[in-house]
$ cat model_25.tsv   # TSV, C-alpha atoms and all ligand atoms
chain	number	residue	atom	x	y	z
E	1	MET	CA	51.39	-3.59	34.44
E	2	ASN	CA	53.32	-5.89	32.19
E	3	GLU	CA	52.10	-7.62	29.05
E	4	ILE	CA	51.14	-10.83	30.80
E	5	GLU	CA	49.05	-8.97	33.37
E	6	PHE	CA	47.41	-6.89	30.63
E	7	MET	CA	46.52	-9.99	28.61
E	8	ASP	CA	45.13	-11.65	31.69
E	9	LEU	CA	42.94	-8.64	32.41
E	10	TRP	CA	41.91	-8.42	28.74
E	11	HIS	CA	40.79	-12.05	28.63
E	12	GLN	CA	38.91	-11.66	31.90
E	13	ALA	CA	37.16	-8.58	30.56
E	14	MET	CA	36.21	-10.44	27.36
E	15	LEU	CA	34.79	-13.36	29.35
E	16	VAL	CA	32.69	-10.99	31.45
E	17	GLY	CA	31.67	-9.16	28.27
E	18	LEU	CA	30.60	-12.41	26.63
E	19	ILE	CA	28.38	-13.38	29.55
E	20	VAL	CA	26.97	-9.85	30.04
E	21	PHE	CA	26.14	-9.20	26.37
E	22	VAL	CA	24.61	-12.61	25.66
E	23	ALA	CA	22.54	-12.30	28.86
E	24	LEU	CA	21.56	-8.75	27.89
E	25	ALA	CA	20.42	-9.94	24.45
E	26	VAL	CA	18.18	-12.52	26.14
E	27	VAL	CA	16.86	-9.88	28.59
E	28	VAL	CA	16.06	-7.40	25.81
E	29	PHE	CA	14.22	-10.15	23.91
E	30	LEU	CA	12.28	-11.08	27.05
E	31	VAL	CA	11.41	-7.45	27.81
E	32	TYR	CA	9.99	-7.11	24.30
E	33	SER	CA	8.05	-10.38	24.57
E	34	ILE	CA	6.59	-9.35	27.92
E	35	ARG	CA	5.61	-5.97	26.55
E	36	VAL	CA	3.77	-7.63	23.66
E	37	ALA	CA	2.13	-10.17	25.95
E	38	SER	CA	0.96	-7.43	28.32
E	39	ILE	CA	-1.10	-5.71	25.62
E	40	SER	CA	-4.54	-7.23	25.88
E	41	ASP	CA	-6.21	-5.31	23.06
E	42	TYR	CA	-5.56	-7.22	19.81
E	43	LYS	CA	-5.61	-4.12	17.63
E	44	ILE	CA	-3.08	-2.26	19.81
E	45	LYS	CA	-0.99	-5.42	19.95
E	46	HIS	CA	-1.08	-5.66	16.14
E	47	ASP	CA	0.02	-2.06	15.71
E	48	PHE	CA	2.79	-2.37	18.30
E	49	ILE	CA	4.22	-5.53	16.69
E	50	ASN	CA	3.92	-3.99	13.23
E	51	ALA	CA	5.73	-0.83	14.27
E	52	SER	CA	8.43	-2.19	16.54
E	53	GLU	CA	9.17	-5.90	16.32
E	54	VAL	CA	11.87	-5.64	13.64
E	55	ALA	CA	13.59	-2.76	15.45
E	56	TRP	CA	13.62	-4.71	18.73
E	57	LEU	CA	15.01	-7.85	17.10
E	58	LYS	CA	17.73	-5.77	15.45
E	59	ARG	CA	18.66	-4.46	18.88
E	60	VAL	CA	18.90	-8.06	20.14
E	61	ALA	CA	21.11	-8.97	17.14
E	62	LEU	CA	23.40	-5.99	17.79
E	63	ILE	CA	23.92	-6.87	21.46
E	64	PHE	CA	24.40	-10.54	20.60
E	65	GLY	CA	26.95	-9.52	17.94
E	66	ILE	CA	28.98	-7.64	20.56
E	67	GLY	CA	28.91	-10.80	22.69
E	68	ILE	CA	30.26	-12.76	19.71
E	69	ALA	CA	33.08	-10.20	19.38
E	70	CYS	CA	34.02	-10.89	23.02
E	71	LEU	CA	33.96	-14.63	22.32
E	72	ILE	CA	36.32	-14.24	19.34
E	73	ASN	CA	38.72	-12.26	21.58
E	74	LEU	CA	38.93	-15.30	23.86
E	75	TYR	CA	40.19	-17.50	21.03
E	76	GLY	CA	43.53	-19.07	21.98
E	77	SER	CA	43.56	-17.27	25.34
E	78	SER	CA	45.26	-20.23	27.07
E	79	LYS	CA	48.12	-20.31	24.56
E	80	PHE	CA	48.89	-16.64	24.03
E	81	ASN	CA	49.76	-14.38	26.93
E	82	GLN	CA	51.77	-11.68	25.18
E	83	LEU	CA	50.87	-8.81	22.92
E	84	GLY	CA	51.72	-9.33	19.28
E	85	VAL	CA	50.46	-9.02	15.73
E	86	TRP	CA	48.00	-11.84	16.32
E	87	PHE	CA	46.38	-9.73	19.08
E	88	GLY	CA	45.57	-6.99	16.58
E	89	VAL	CA	44.40	-9.59	14.06
E	90	ARG	CA	42.09	-11.14	16.65
E	91	VAL	CA	40.63	-7.74	17.60
E	92	PHE	CA	40.07	-7.05	13.91
E	93	MET	CA	38.44	-10.47	13.39
E	94	SER	CA	36.16	-9.93	16.36
E	95	ILE	CA	34.90	-6.63	14.95
E	96	ALA	CA	34.37	-8.31	11.57
E	97	GLY	CA	32.54	-11.18	13.28
E	98	ALA	CA	30.20	-8.83	15.13
E	99	THR	CA	29.50	-6.95	11.90
E	100	VAL	CA	28.68	-10.16	10.04
E	101	VAL	CA	26.29	-11.28	12.78
E	102	TYR	CA	24.51	-7.92	12.84
E	103	TYR	CA	24.48	-7.44	9.07
E	104	THR	CA	23.17	-10.95	8.35
E	105	SER	CA	20.47	-10.60	11.02
E	106	SER	CA	19.42	-7.24	9.59
E	107	LEU	CA	19.06	-8.71	6.10
E	108	ILE	CA	17.00	-11.60	7.43
E	109	LEU	CA	14.84	-9.23	9.49
E	110	ASP	CA	14.31	-6.84	6.59
E	111	TYR	CA	13.50	-9.34	3.85
E	112	TYR	CA	12.86	-12.85	5.05
E	113	TYR	CA	11.30	-12.17	8.43
E	114	PRO	CA	8.36	-10.00	7.22
E	115	THR	CA	6.74	-13.17	5.81
E	116	ARG	CA	6.56	-14.64	9.32
E	117	LEU	CA	5.70	-11.28	10.80
E	118	SER	CA	2.80	-10.87	8.42
E	119	ARG	CA	1.37	-14.24	9.50
E	120	LYS	CA	1.66	-13.12	13.10
E	121	LEU	CA	0.01	-9.77	12.32
E	122	ARG	CA	-2.86	-11.43	10.45
E	123	LYS	CA	-3.44	-13.65	13.46
E	124	TRP	CA	-3.97	-10.63	15.73
E	125	ARG	CA	-5.90	-8.66	13.16
E	126	TYR	CA	-8.47	-11.38	12.54
E	127	MET	CA	-8.56	-12.95	16.00
E	128	PRO	CA	-12.25	-12.83	16.96
E	129	ARG	CA	-12.94	-9.84	19.19
E	130	LEU	CA	-15.15	-10.19	22.22
E	131	ASN	CA	-17.74	-7.77	23.43
E	132	PRO	CA	-16.28	-6.59	26.76
E	133	LYS	CA	-19.76	-6.29	28.30
E	134	THR	CA	-21.41	-9.54	27.26
E	135	GLY	CA	-18.40	-11.63	26.33
E	136	SER	CA	-20.01	-12.69	23.07
E	137	LYS	CA	-17.97	-13.03	19.91
E	138	LEU	CA	-18.06	-10.20	17.40
E	139	ARG	CA	-18.36	-10.83	13.67
E	140	LEU	CA	-16.00	-9.14	11.22
E	141	LEU	CA	-18.13	-7.21	8.80
E	142	THR	CA	-15.78	-5.81	6.23
E	143	GLU	CA	-13.88	-8.90	5.20
E	144	ALA	CA	-15.44	-8.73	1.75
E	145	GLU	CA	-15.35	-4.95	1.70
E	146	GLU	CA	-12.99	-3.86	-1.05
E	147	ASP	CA	-13.45	-0.11	-0.94
E	148	VAL	CA	-10.74	2.05	0.50
E	149	HIS	CA	-11.37	4.94	2.82
E	150	LEU	CA	-9.46	8.16	2.85
E	151	ASP	CA	-8.17	9.70	5.99
E	152	GLU	CA	-10.24	12.78	6.75
E	153	GLY	CA	-8.40	15.97	6.00
E	154	MET	CA	-5.97	14.16	3.72
E	155	LYS	CA	-8.06	14.31	0.61
E	156	ALA	CA	-5.74	16.71	-1.19
E	157	GLU	CA	-4.05	15.13	-4.21
E	158	GLU	CA	-0.68	14.71	-2.58
E	159	ASN	CA	-0.41	13.23	0.86
E	160	ILE	CA	-3.44	11.01	0.67
E	161	PHE	CA	-3.26	7.86	2.67
E	162	SER	CA	-6.01	5.37	2.55
E	163	ILE	CA	-7.14	3.48	5.58
E	164	ASP	CA	-8.59	0.03	6.04
E	165	TYR	CA	-11.60	-0.23	8.26
E	166	ASP	CA	-12.26	-3.45	10.07
E	167	VAL	CA	-15.75	-3.34	11.44
E	168	TRP	CA	-16.68	-5.83	14.13
E	169	ILE	CA	-20.32	-6.20	14.96
E	170	ASP	CA	-22.16	-7.89	17.76
E	171	ASP	CA	-25.15	-9.54	16.08
E	172	GLN	CA	-27.21	-9.54	19.25
E	173	THR	CA	-26.74	-6.02	20.58
E	174	LYS	CA	-25.77	-4.37	17.24
E	175	GLU	CA	-22.79	-2.82	18.96
E	176	VAL	CA	-19.97	-1.97	16.61
E	177	LYS	CA	-16.22	-1.84	17.13
E	178	ILE	CA	-14.28	-0.07	14.41
E	179	GLU	CA	-10.57	-0.53	13.89
E	180	LYS	CA	-8.57	1.61	11.50
E	181	TYR	CA	-5.43	0.37	9.78
E	182	GLN	CA	-3.18	2.76	7.92
E	183	GLY	CA	-2.87	1.28	4.44
E	184	HIS	CA	0.71	2.41	3.86
E	185	LEU	CA	1.94	0.77	7.07
E	186	LEU	CA	0.82	-2.71	6.04
E	187	ALA	CA	3.22	-4.92	4.10
E	188	LEU	CA	1.80	-7.15	1.38
E	189	GLU	CA	3.20	-10.14	-0.43
E	190	CYS	CA	5.26	-9.31	-3.51
E	191	HIS	CA	4.17	-11.59	-6.35
E	192	ASN	CA	7.61	-11.36	-7.91
E	193	CYS	CA	9.92	-12.40	-5.06
E	194	GLY	CA	7.36	-13.80	-2.64
E	195	PHE	CA	8.50	-11.76	0.37
E	196	TYR	CA	6.10	-9.64	2.38
E	197	THR	CA	7.96	-6.47	1.49
E	198	MET	CA	5.46	-4.68	-0.72
E	199	ARG	CA	4.18	-1.39	0.61
E	200	VAL	CA	2.22	1.55	-0.71
E	201	LYS	CA	4.63	4.15	-2.09
E	202	ARG	CA	2.08	6.70	-3.15
E	203	GLU	CA	-1.59	6.99	-3.91
E	204	GLU	CA	-3.38	9.06	-6.47
E	205	ILE	CA	-6.97	9.94	-7.11
E	206	MET	CA	-8.09	8.61	-10.49
E	207	GLU	CA	-11.68	9.76	-10.64
E	208	ARG	CA	-13.94	12.30	-9.02
E	209	ASN	CA	-17.68	12.67	-9.18
E	210	GLU	CA	-19.51	15.87	-10.18
E	211	ALA	CA	-19.24	17.20	-6.67
E	212	GLY	CA	-15.46	16.82	-6.82
E	213	GLU	CA	-15.43	14.03	-4.29
E	214	PRO	CA	-12.79	11.39	-5.04
E	215	THR	CA	-14.30	8.09	-6.17
E	216	MET	CA	-11.41	6.00	-7.41
E	217	LEU	CA	-7.92	5.62	-5.99
E	218	LEU	CA	-4.81	4.12	-7.56
E	219	LYS	CA	-2.31	2.71	-5.10
E	220	HIS	CA	1.27	2.38	-6.26
E	221	TYR	CA	3.15	-0.36	-4.46
E	222	GLU	CA	6.86	-1.03	-4.41
E	223	CYS	CA	8.72	-4.03	-3.08
E	224	SER	CA	11.67	-3.01	-0.92
E	225	TYR	CA	13.51	-6.24	-1.81
E	226	CYS	CA	13.23	-6.73	-5.59
E	227	LYS	CA	11.93	-3.22	-6.41
E	228	ASN	CA	9.01	-4.72	-8.31
E	229	VAL	CA	6.18	-2.24	-8.69
E	230	ARG	CA	2.48	-2.69	-9.12
E	231	ALA	CA	-0.57	-0.51	-9.16
E	232	THR	CA	-4.02	-1.44	-7.95
E	233	GLN	CA	-7.20	0.50	-8.35
E	234	PHE	CA	-9.74	0.77	-5.55
E	235	PRO	CA	-13.15	2.40	-5.38
E	236	ILE	CA	-13.22	4.97	-2.62
E	237	SER	CA	-15.96	4.42	-0.14
E	238	SER	CA	-17.95	7.44	0.97
E	239	LYS	CA	-19.39	5.36	3.75
E	240	GLN	CA	-18.52	6.55	7.21
E	241	ALA	CA	-17.58	4.01	9.79
E	242	ASP	CA	-20.92	4.52	11.53
E	243	ASP	CA	-22.84	3.57	8.39
E	244	TYR	CA	-21.79	-0.02	8.91
E	245	ARG	CA	-24.05	-0.17	11.92
E	246	GLU	CA	-27.04	-0.37	9.60
E	247	GLU	CA	-25.51	-2.83	7.22
E	248	LYS	CA	-26.60	-6.41	6.73
E	249	ALA	CA	-24.06	-9.20	6.31
E	250	PRO	CA	-22.04	-8.43	3.19
E	251	ALA	CA	-22.99	-10.08	-0.08
E	252	LYS	CA	-20.75	-12.91	-1.14
E	253	ARG	CA	-18.54	-12.54	-4.17
E	254	VAL	CA	-19.68	-14.29	-7.33
E	255	HIS	CA	-16.57	-16.45	-7.28
E	256	LYS	CA	-15.72	-16.50	-3.64
E	257	ASP	CA	-12.31	-18.04	-4.17
E	258	ILE	CA	-11.18	-15.34	-6.59
E	259	GLU	CA	-9.43	-12.65	-4.61
E	260	GLY	CA	-8.47	-10.51	-7.54
E	261	ILE	CA	-7.48	-10.27	-11.17
E	262	LYS	CA	-3.99	-9.42	-12.27
E	263	ILE	CA	-3.15	-8.05	-15.68
E	264	GLU	CA	0.46	-7.89	-16.72
E	265	ILE	CA	1.44	-5.81	-19.72
E	266	LEU	CA	4.84	-6.30	-21.28
E	267	ASN	CA	5.76	-3.15	-23.09
E	268	ALA	CA	8.82	-3.33	-25.35
E	269	ILE	CA	9.86	0.18	-24.32
E	270	THR	CA	8.67	0.82	-20.82
E	271	GLY	CA	8.94	-2.73	-19.51
E	272	ARG	CA	6.65	-4.79	-17.33
E	273	HIS	CA	3.62	-3.25	-15.68
E	274	SER	CA	1.17	-5.13	-13.56
E	275	TYR	CA	-2.26	-3.97	-12.50
E	276	GLU	CA	-4.65	-5.59	-10.10
E	277	PHE	CA	-8.40	-5.44	-9.84
E	278	GLN	CA	-10.98	-6.79	-7.48
E	279	THR	CA	-13.67	-7.58	-10.01
E	280	LEU	CA	-13.88	-8.76	-13.61
E	281	ASP	CA	-15.81	-5.60	-14.49
E	282	GLN	CA	-12.99	-3.37	-13.33
E	283	ALA	CA	-10.45	-5.40	-15.27
E	284	GLN	CA	-12.58	-5.32	-18.42
E	285	LYS	CA	-13.09	-1.57	-18.13
E	286	PHE	CA	-9.36	-1.09	-17.72
E	287	LEU	CA	-8.56	-3.19	-20.81
E	288	GLU	CA	-11.09	-1.30	-22.93
E	289	GLU	CA	-9.59	2.04	-21.87
E	290	TYR	CA	-6.09	0.72	-22.43
E	291	ASP	CA	-7.08	-0.33	-25.95
E	292	ILE	CA	-8.43	3.11	-26.76
E	293	LYS	CA	-5.33	4.87	-25.43
E	294	ASN	CA	-3.04	2.77	-27.58
E	301	ZN	ZN	9.67	-8.36	-4.41
$ encode --input "model_25.tsv" --output "structure tokens"
Amino acid sequence: MNEIEFMDLWHQAMLVGLIVFVALAVVVFLVYSIRVASISDYKIKHDFINASEVAWLKRVALIFGIGIACLINLYGSSKFNQLGVWFGVRVFMSIAGATVVYYTSSLILDYYYPTRLSRKLRKWRYMPRLNPKTGSKLRLLTEAEEDVHLDEGMKAEENIFSIDYDVWIDDQTKEVKIEKYQGHLLALECHNCGFYTMRVKREEIMERNEAGEPTMLLKHYECSYCKNVRATQFPISSKQADDYREEKAPAKRVHKDIEGIKIEILNAITGRHSYEFQTLDQAQKFLEEYDIKN
């Protein structure tokens, strides 16, 4: 095989590669979309998207990047038909191009995309559930519920992970559907950079009652983008999921538009600390204690 034949074969291979990899990227994206669409249970769909959407899109970006590398290797294919320095340069450029495509996509998927993802996840989390037997709409009971729940068997100081209960109730039949969300798997909005990249890093028990049961939990959050940290205190609910069956519609907040209170303390030595509370009482109690300590 001479140089001309080799170059011819090379360019043909790159053309096939371009078509195959771009098509494969589309197929992988479609396979993922079909998998999501085929999950009929909203809660399972939520968890699947939360756990795997970013990984799947990264896979698509990687395959698409390889396709771009093939495209770059076709540059000038009609003019050049002999091996030379430019051939090596073009191969190098194609690898660099693929890396840029993949790296840029990864950054977008890790930091910018979670904002969109979180909107999508909220849609599935709060999409009204239907009673499979009667077809009537269920009502979400714990929307105003601010207590956290601890995973059973994880109440030791280290390794605690709180869970969010969403309780859906059928007002007619009193049937209840309980959905558990692992608190540390949910990304929240970072108030510093605005991305949905804030997750629970660790949790600690702040208070216990006489019986030694934990009553107050402090969640430490960290933003994976700007590394901003915050801590929020939550009362621990001793209520079991079943207890919600008996419950009436939750009482409205005094100020229903106030979602929380944020206190930011600028310490000359240790820097900026922010704390969040659900009620004015909690915030006041915190400030009084803070005053005493200092
Ligand atoms: Zn941030």
$ residues_around --input "model_25.tsv" --residues "E:Phe277" --least-positions-apart "2" --cutoff "9 Å" --atoms "all atoms listed in the file" --output "list of chain:residue names"
E:Thr232, E:Gln233, E:Phe234, E:Glu259, E:Gly260, E:Ile261, E:Lys262, E:Ile263, E:Tyr275, E:Thr279, E:Leu280, E:Asp281, E:Gln282, E:Ala283
$ closest_atom_pairs --input "model_25.tsv" --of "chain E" --to "ligand ZN 301 (chain E)" --cutoff "10 Å" --atoms "all atoms listed in the file" --output "tab-separated table"
residue	atom	partner	partner_atom	distance
E:Tyr111	CA	E:ZN301	ZN	9.2
E:Leu188	CA	E:ZN301	ZN	9.8
E:Glu189	CA	E:ZN301	ZN	7.8
E:Cys190	CA	E:ZN301	ZN	4.6
E:His191	CA	E:ZN301	ZN	6.7
E:Asn192	CA	E:ZN301	ZN	5.0
E:Cys193	CA	E:ZN301	ZN	4.1
E:Gly194	CA	E:ZN301	ZN	6.2
E:Phe195	CA	E:ZN301	ZN	6.0
E:Tyr196	CA	E:ZN301	ZN	7.8
E:Thr197	CA	E:ZN301	ZN	6.4
E:Met198	CA	E:ZN301	ZN	6.7
E:Glu222	CA	E:ZN301	ZN	7.9
E:Cys223	CA	E:ZN301	ZN	4.6
E:Ser224	CA	E:ZN301	ZN	6.7
E:Tyr225	CA	E:ZN301	ZN	5.1
E:Cys226	CA	E:ZN301	ZN	4.1
E:Lys227	CA	E:ZN301	ZN	6.0
E:Asn228	CA	E:ZN301	ZN	5.4
E:Val229	CA	E:ZN301	ZN	8.2
$ residues_around --input "model_25.tsv" --residues "E:Leu57" --least-positions-apart "2" --cutoff "10 Å" --atoms "all atoms listed in the file" --output "ChimeraX atom specification"
/E:25,28-29,32,52-55,59-63,105-106,109
$ atom_distance --input "model_25.tsv" --atom1 "atom CA of E:Pro128" --atom2 "atom CA of E:Val148"
22.2 Å
$ closest_residue --input "model_25.tsv" --among "E:Ile205, E:Leu74, E:Gly17, E:Ile269" --to "E:Ile160" --atoms "only C-alpha atoms"
E:Ile205
$ closest_residue --input "model_25.tsv" --among "E:Leu185, E:Gln172, E:Leu217, E:Met93" --to "E:Gly135" --atoms "all atoms listed in the file"
E:Gln172
$ residues_near_point --input "model_25.tsv" --point "(-21.3, -0.2, 21.0)" --cutoff "12 Å" --atoms "all atoms listed in the file" --output "PDB file with C-alpha atoms, keeping the file's coordinate frame"
ATOM      1  CA  LEU E 130     -15.150 -10.190  22.220  1.00  0.00           C
ATOM      2  CA  ASN E 131     -17.740  -7.770  23.430  1.00  0.00           C
ATOM      3  CA  PRO E 132     -16.280  -6.590  26.760  1.00  0.00           C
ATOM      4  CA  LYS E 133     -19.760  -6.290  28.300  1.00  0.00           C
ATOM      5  CA  THR E 134     -21.410  -9.540  27.260  1.00  0.00           C
ATOM      6  CA  LEU E 138     -18.060 -10.200  17.400  1.00  0.00           C
ATOM      7  CA  VAL E 167     -15.750  -3.340  11.440  1.00  0.00           C
ATOM      8  CA  TRP E 168     -16.680  -5.830  14.130  1.00  0.00           C
ATOM      9  CA  ILE E 169     -20.320  -6.200  14.960  1.00  0.00           C
ATOM     10  CA  ASP E 170     -22.160  -7.890  17.760  1.00  0.00           C
ATOM     11  CA  ASP E 171     -25.150  -9.540  16.080  1.00  0.00           C
ATOM     12  CA  GLN E 172     -27.210  -9.540  19.250  1.00  0.00           C
ATOM     13  CA  THR E 173     -26.740  -6.020  20.580  1.00  0.00           C
ATOM     14  CA  LYS E 174     -25.770  -4.370  17.240  1.00  0.00           C
ATOM     15  CA  GLU E 175     -22.790  -2.820  18.960  1.00  0.00           C
ATOM     16  CA  VAL E 176     -19.970  -1.970  16.610  1.00  0.00           C
ATOM     17  CA  LYS E 177     -16.220  -1.840  17.130  1.00  0.00           C
ATOM     18  CA  ILE E 178     -14.280  -0.070  14.410  1.00  0.00           C
ATOM     19  CA  ASP E 242     -20.920   4.520  11.530  1.00  0.00           C
ATOM     20  CA  ARG E 245     -24.050  -0.170  11.920  1.00  0.00           C
TER      21      ARG E 245
END
$ atom_distance --input "model_25.tsv" --atom1 "atom CA of E:Gln182" --atom2 "atom CA of E:Leu287"
29.8 Å
$ decode --input "model_25.tsv" --residues "stretch 211-224 of chain E" --atoms "N, CA and C atoms" --output "PDB file, in the first residue's frame"
ATOM      1  N   ALA E 211     -34.820  11.015  76.585  1.00  0.00           N
ATOM      2  CA  ALA E 211     -34.721   9.595  76.240  1.00  0.00           C
ATOM      3  C   ALA E 211     -33.541   9.326  75.298  1.00  0.00           C
ATOM      4  N   GLY E 212     -32.827  10.385  74.923  1.00  0.00           N
ATOM      5  CA  GLY E 212     -31.687  10.190  74.029  1.00  0.00           C
ATOM      6  C   GLY E 212     -32.054  10.173  72.562  1.00  0.00           C
ATOM      7  N   GLU E 213     -33.337  10.400  72.294  1.00  0.00           N
ATOM      8  CA  GLU E 213     -33.772  10.435  70.896  1.00  0.00           C
ATOM      9  C   GLU E 213     -33.359  11.763  70.268  1.00  0.00           C
ATOM     10  N   PRO E 214     -32.795  11.742  69.070  1.00  0.00           N
ATOM     11  CA  PRO E 214     -32.420  13.006  68.425  1.00  0.00           C
ATOM     12  C   PRO E 214     -33.645  13.860  68.118  1.00  0.00           C
ATOM     13  N   THR E 215     -33.514  15.165  68.374  1.00  0.00           N
ATOM     14  CA  THR E 215     -34.654  16.061  68.131  1.00  0.00           C
ATOM     15  C   THR E 215     -34.327  17.190  67.166  1.00  0.00           C
ATOM     16  N   MET E 216     -33.038  17.488  67.021  1.00  0.00           N
ATOM     17  CA  MET E 216     -32.680  18.591  66.135  1.00  0.00           C
ATOM     18  C   MET E 216     -31.463  18.192  65.309  1.00  0.00           C
ATOM     19  N   LEU E 217     -31.533  18.490  64.011  1.00  0.00           N
ATOM     20  CA  LEU E 217     -30.472  18.076  63.101  1.00  0.00           C
ATOM     21  C   LEU E 217     -29.899  19.291  62.381  1.00  0.00           C
ATOM     22  N   LEU E 218     -28.586  19.346  62.275  1.00  0.00           N
ATOM     23  CA  LEU E 218     -27.949  20.419  61.516  1.00  0.00           C
ATOM     24  C   LEU E 218     -27.399  19.804  60.231  1.00  0.00           C
ATOM     25  N   LYS E 219     -27.859  20.363  59.109  1.00  0.00           N
ATOM     26  CA  LYS E 219     -27.372  19.868  57.819  1.00  0.00           C
ATOM     27  C   LYS E 219     -26.322  20.831  57.301  1.00  0.00           C
ATOM     28  N   HIS E 220     -25.174  20.287  56.945  1.00  0.00           N
ATOM     29  CA  HIS E 220     -24.117  21.113  56.358  1.00  0.00           C
ATOM     30  C   HIS E 220     -24.135  20.904  54.851  1.00  0.00           C
ATOM     31  N   TYR E 221     -24.324  22.007  54.138  1.00  0.00           N
ATOM     32  CA  TYR E 221     -24.377  21.935  52.678  1.00  0.00           C
ATOM     33  C   TYR E 221     -23.083  22.498  52.100  1.00  0.00           C
ATOM     34  N   GLU E 222     -22.709  21.988  50.944  1.00  0.00           N
ATOM     35  CA  GLU E 222     -21.595  22.597  50.218  1.00  0.00           C
ATOM     36  C   GLU E 222     -21.923  22.628  48.736  1.00  0.00           C
ATOM     37  N   CYS E 223     -21.574  23.778  48.124  1.00  0.00           N
ATOM     38  CA  CYS E 223     -21.809  23.932  46.689  1.00  0.00           C
ATOM     39  C   CYS E 223     -20.605  23.361  45.950  1.00  0.00           C
ATOM     40  N   SER E 224     -20.859  22.489  44.986  1.00  0.00           N
ATOM     41  CA  SER E 224     -19.729  21.869  44.282  1.00  0.00           C
ATOM     42  C   SER E 224     -19.114  22.829  43.267  1.00  0.00           C
TER      43      SER E 224
END
